[in-house]
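J.: What follows is a single structure, and I will ask about it in a moment.
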Amino acid sequence: MAMTVTDDILIINGRVVTGDGSTVFDVGSVRMRGGTIIDVAAGTAERTENNNVVDAAGHTVMPGVINGHAHGCVHGPSMPSGSLPLAASDVEYFRNRHLLSGTTTLLNVCGLSLPDEIEDRGHLDHPLDVHVTTAHTPSNLGAAMAIDGKGLTGRHLNATIEETIEQGAKAFGEAGGGQTLGGGAQDYRFIPEAILAATGVRIHPKSARALKEAVLGRELDGTTASPELLEELLRSCGLDNQISAEDLTSLIVTTVMPPVSLSLHGFEELARASKRFGLAGIYHHAVPTAKTLLRLAEDYPGARMVAAHANHPSFEPEECVRHARALKSRGVAIDVSTLDCISTQWRNGPENFDALIEAGVVDTVSTDYAGGDFDSILAALQRIVHLGQLGLPAAVALATGNVSRILPEVAGDRGLLAKGKRADVAIVESHNLARVRHLFSNGVPVVFNGVRRTWTPSDLRG
């Protein structure tokens, strides 16, 4: 594709889905110039002399995906636990996975990284447009230190939300996390590591979850604990000759509970900040936090709140729908995450995801992290359309126009194929939305024929 910086890029003959939730052209065209969409129309557009034409016949043209909840894509402390930063090569790997899955904009919600840690000075900028959140409040920092905190320096511990907003943080959160509130990171990291250190046996995350819930219950308060199951679970995990039920109980309590009360208090700190500063807050939503989040929605009606991964595996399907409806009725946006429940299904299944989509309560779809096993957002949209849970325009809006509306500070200038919007455009296969053919970010081709392309000024001059 030879072009000059002043030439138009004209996409023709594709099925165009604009991202507004209702508009689709069976055959349409999108024209871009200088990083901006200048026309979207039904039918086949007329070519002009300076057009660089992309024929999208057999494909669907849609806005670039906006991922409003992800981890692992910045170079600062990782996760709400303030753990050590990921290796630069891992950050690049995760960014490439998102980019090759049609994502052009991503909000990294670890919360304790700083805006200047989006890029690493030793590496070239990546075409994925990455933004960060802030959770620099006393309780959130305290919860991180109680569980890990090894990635936090004095600079991170002394930062304030006021400073990080001024430096470019775009939202609050993630309030809480799998590490600090007994969620998925306890299942795939902290509990298995503690059991391995104590017994020499490595257990599967599903086994860690079962042991955790038997000891603490799903709400972490013991009300639904099943201590009578421990001996059976110890045998099934191969631990019966390695550790007693009493010692295992102590190990799990010691591993999971230290940050929990601090983390829950951090929810309220960020709700107050959201009301004060007007930015959205992203909250870890699971069985242990559902009551707190509902109370905060009532106590802080001026706060902008997003219930993250409302399909969390701690919920039963009916339960997650009931909580989502209650939160949505109080103005809370409902996010579902792919986790690893769409195609990988190693730790989690799609039951809660499907239940929420079919109930019609979902506002946005994100990936979260799932220990790095996250499935792509486009794979989730393909599932939604294939199962007939939503029509194509409504499904696409969950990852484009809706995210732009709920997080305008991150993506208010994109997420729609409309005149004047930033030219973030994905071209995907119509019969499998998860297959990305081409991707344009700010009008520049960053994935072409399924391969990440790095373009230089000489490429653009043709």
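By convention in this document, the chains of the structure tokens carry letters A, B, ... by their order, each chain's residues are numbered from 1, and ligands are numbered from 1 in the order they are shown.
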Find the spatial neighbours of A:Leu433, counting only C-alpha atoms, within a cut-off of 8 Å - ignore same-chain residues fewer than 6 positions away - and output them as a compact mmCIF listing (two decimals) with N, CA and C atoms, in the first residue's frame.

T.:
# COMPACT_ATOMS: atom_id res chain seq x y z
N THR A 60 -15.94 -7.19 7.40
CA THR A 60 -16.69 -6.21 8.17
C THR A 60 -15.76 -5.09 8.60
N LEU A 378 -12.84 -9.47 20.36
CA LEU A 378 -13.54 -9.83 19.12
C LEU A 378 -14.03 -11.26 19.16
N ALA A 379 -13.31 -12.16 19.83
CA ALA A 379 -13.80 -13.54 19.98
C ALA A 379 -15.09 -13.55 20.79
N LEU A 381 -17.27 -11.00 20.91
CA LEU A 381 -18.33 -10.47 20.04
C LEU A 381 -18.79 -11.52 19.04
N GLN A 382 -17.85 -12.31 18.53
CA GLN A 382 -18.23 -13.38 17.61
C GLN A 382 -19.15 -14.38 18.30

J.: Stretch 217-392 of chain A: which residues are strand (DSSP E or B) by DSSP, as a count of residues only?

T.: 19

J.: Give me the residues within 10 Å of A:His75 as an NGL selection string, counting only C-alpha atoms and dropping any in the same chain fewer than 4 places off.

T.: :A and (84-88 or 90-92 or 113-121)

J.: Go through A:Leu416, A:Ala370, A:Ala326, A:Val336 and flag the residue nearest A:Ala397, using only C-alpha atoms for the distances.

T.: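 Answer, going by the shortest atom-to-atom distance: A:Leu416.
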
J.: List the spatial neighbours of A:Glu193 as an MDAnalysis selection string - criterion: any atom at most 12 Å away, only C-alpha atoms, same-chain residues fewer than 5 positions off excluded.

T.: chainID A and resid 185:188 198:205 208 251:252 255

J.: Keeping only N, CA and C atoms, write the selected residues as a PDB file, in the first residue's frame.

T.:
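New file again20.pdb:
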ATOM      1  N   ALA A 185      -6.615 -13.886  41.001  1.00  0.00           N
ATOM      2  CA  ALA A 185      -5.163 -13.918  41.185  1.00  0.00           C
ATOM      3  C   ALA A 185      -4.764 -14.739  42.404  1.00  0.00           C
ATOM      4  N   GLN A 186      -5.641 -14.799  43.408  1.00  0.00           N
ATOM      5  CA  GLN A 186      -5.380 -15.721  44.513  1.00  0.00           C
ATOM      6  C   GLN A 186      -5.425 -17.168  44.013  1.00  0.00           C
ATOM      7  N   ASP A 187      -6.332 -17.443  43.079  1.00  0.00           N
ATOM      8  CA  ASP A 187      -6.488 -18.813  42.581  1.00  0.00           C
ATOM      9  C   ASP A 187      -5.326 -19.241  41.702  1.00  0.00           C
ATOM     10  N   TYR A 188      -4.835 -18.319  40.839  1.00  0.00           N
ATOM     11  CA  TYR A 188      -3.794 -18.739  39.909  1.00  0.00           C
ATOM     12  C   TYR A 188      -2.389 -18.395  40.376  1.00  0.00           C
ATOM     13  N   ALA A 198       4.818 -24.696  50.864  1.00  0.00           N
ATOM     14  CA  ALA A 198       4.592 -25.475  52.083  1.00  0.00           C
ATOM     15  C   ALA A 198       4.674 -26.978  51.851  1.00  0.00           C
ATOM     16  N   THR A 199       4.346 -27.440  50.642  1.00  0.00           N
ATOM     17  CA  THR A 199       4.206 -28.884  50.415  1.00  0.00           C
ATOM     18  C   THR A 199       5.047 -29.425  49.271  1.00  0.00           C
ATOM     19  N   GLY A 200       5.507 -28.554  48.380  1.00  0.00           N
ATOM     20  CA  GLY A 200       6.198 -29.032  47.175  1.00  0.00           C
ATOM     21  C   GLY A 200       5.253 -29.482  46.084  1.00  0.00           C
ATOM     22  N   VAL A 201       3.946 -29.299  46.273  1.00  0.00           N
ATOM     23  CA  VAL A 201       2.937 -29.718  45.298  1.00  0.00           C
ATOM     24  C   VAL A 201       2.331 -28.483  44.647  1.00  0.00           C
ATOM     25  N   ARG A 202       2.290 -28.469  43.322  1.00  0.00           N
ATOM     26  CA  ARG A 202       1.638 -27.372  42.599  1.00  0.00           C
ATOM     27  C   ARG A 202       0.221 -27.800  42.230  1.00  0.00           C
ATOM     28  N   ILE A 203      -0.766 -26.998  42.590  1.00  0.00           N
ATOM     29  CA  ILE A 203      -2.156 -27.335  42.320  1.00  0.00           C
ATOM     30  C   ILE A 203      -2.720 -26.443  41.217  1.00  0.00           C
ATOM     31  N   HIS A 204      -3.791 -26.926  40.584  1.00  0.00           N
ATOM     32  CA  HIS A 204      -4.462 -26.181  39.522  1.00  0.00           C
ATOM     33  C   HIS A 204      -5.251 -25.026  40.131  1.00  0.00           C
ATOM     34  N   PRO A 205      -5.386 -23.903  39.412  1.00  0.00           N
ATOM     35  CA  PRO A 205      -6.170 -22.780  39.941  1.00  0.00           C
ATOM     36  C   PRO A 205      -7.600 -23.157  40.345  1.00  0.00           C
ATOM     37  N   ALA A 208      -7.336 -24.482  43.729  1.00  0.00           N
ATOM     38  CA  ALA A 208      -7.094 -23.403  44.686  1.00  0.00           C
ATOM     39  C   ALA A 208      -8.394 -22.675  45.011  1.00  0.00           C
ATOM     40  N   LEU A 251      -3.061 -21.519  56.377  1.00  0.00           N
ATOM     41  CA  LEU A 251      -2.312 -21.007  55.225  1.00  0.00           C
ATOM     42  C   LEU A 251      -3.197 -20.142  54.334  1.00  0.00           C
ATOM     43  N   ILE A 252      -4.416 -20.603  54.062  1.00  0.00           N
ATOM     44  CA  ILE A 252      -5.306 -19.852  53.171  1.00  0.00           C
ATOM     45  C   ILE A 252      -5.754 -18.550  53.820  1.00  0.00           C
ATOM     46  N   THR A 255      -2.914 -16.163  53.653  1.00  0.00           N
ATOM     47  CA  THR A 255      -2.600 -15.738  52.285  1.00  0.00           C
ATOM     48  C   THR A 255      -3.627 -14.747  51.750  1.00  0.00           C
TER      49      THR A 255
END

J.: List the spatial neighbours of A:Asp240 as a ChimeraX atom specification - criterion: any atom at most 8 Å away, only C-alpha atoms, same-chain residues fewer than 5 positions off excluded.

T.: /A:231,234-235

J.: Using only N, CA and C atoms, please write the residues we just selected to a file, as a PDB file, in the first residue's frame.

T.:
ATOM      1  N   GLU A 231     -11.095 -32.391  53.730  1.00  0.00           N
ATOM      2  CA  GLU A 231     -10.374 -33.666  53.625  1.00  0.00           C
ATOM      3  C   GLU A 231     -10.516 -34.249  52.220  1.00  0.00           C
ATOM      4  N   LEU A 234      -8.431 -32.157  49.850  1.00  0.00           N
ATOM      5  CA  LEU A 234      -7.012 -32.437  50.030  1.00  0.00           C
ATOM      6  C   LEU A 234      -6.614 -33.704  49.286  1.00  0.00           C
ATOM      7  N   ARG A 235      -7.462 -34.708  49.349  1.00  0.00           N
ATOM      8  CA  ARG A 235      -7.168 -35.958  48.629  1.00  0.00           C
ATOM      9  C   ARG A 235      -7.185 -35.729  47.124  1.00  0.00           C
TER      10      ARG A 235
END

J.: Against stretch 284-297 of chain A, which residues of stretch 104-218 of chain A fall within 10 Å? For each one I want the closest pair of atoms and the distance in Å (one decimal), counting only C-alpha atoms, rows by chain and increasing residue number, as a Markdown table.

T.:
| residue | atom | partner | partner_atom | distance |
| --- | --- | --- | --- | --- |
| A:Gly173 | CA | A:His284 | CA | 8.5 |
| A:Glu174 | CA | A:His284 | CA | 6.5 |
| A:Ala175 | CA | A:His284 | CA | 5.8 |
| A:Gly176 | CA | A:His284 | CA | 5.4 |
| A:Gly177 | CA | A:His284 | CA | 5.5 |
| A:Gly178 | CA | A:His284 | CA | 7.8 |
| A:Thr180 | CA | A:His284 | CA | 9.8 |
| A:Leu181 | CA | A:Pro288 | CA | 7.2 |
| A:Gly182 | CA | A:Pro288 | CA | 8.1 |
| A:Gly183 | CA | A:Ala286 | CA | 7.8 |
| A:Gly217 | CA | A:Pro288 | CA | 9.4 |
| A:Arg218 | CA | A:Val287 | CA | 6.4 |

J.: Looking at only C-alpha atoms, which of A:Gly415, A:Gly331, A:Gly391, A:Gly450 is the one that sits closest to A:Leu106?

T.: A:Gly415

J.: Counting only C-alpha atoms, which residues in stretch 65-156 of chain A sit no more than 8 Å from stretch 434-442 of chain A? For each one, give the nearest pair of atoms and the distance in Å, sorted by chain then residue number, as CSV.

T.:
residue,atom,partner,partner_atom,distance
A:Leu100,CA,A:Val436,CA,6.8
A:Ser101,CA,A:Val436,CA,6.3
A:Gly102,CA,A:Val436,CA,6.1
A:Thr104,CA,A:Ser441,CA,6.0
A:Pro127,CA,A:Ser441,CA,7.2
A:Leu128,CA,A:Ser441,CA,7.8

J.: For atom CA of A:Val451 and atom CA of A:Asn96, determine how far apart the two atoms are, in Å to one decimal place.

T.: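 These atoms are spaced 10.1 Å apart.
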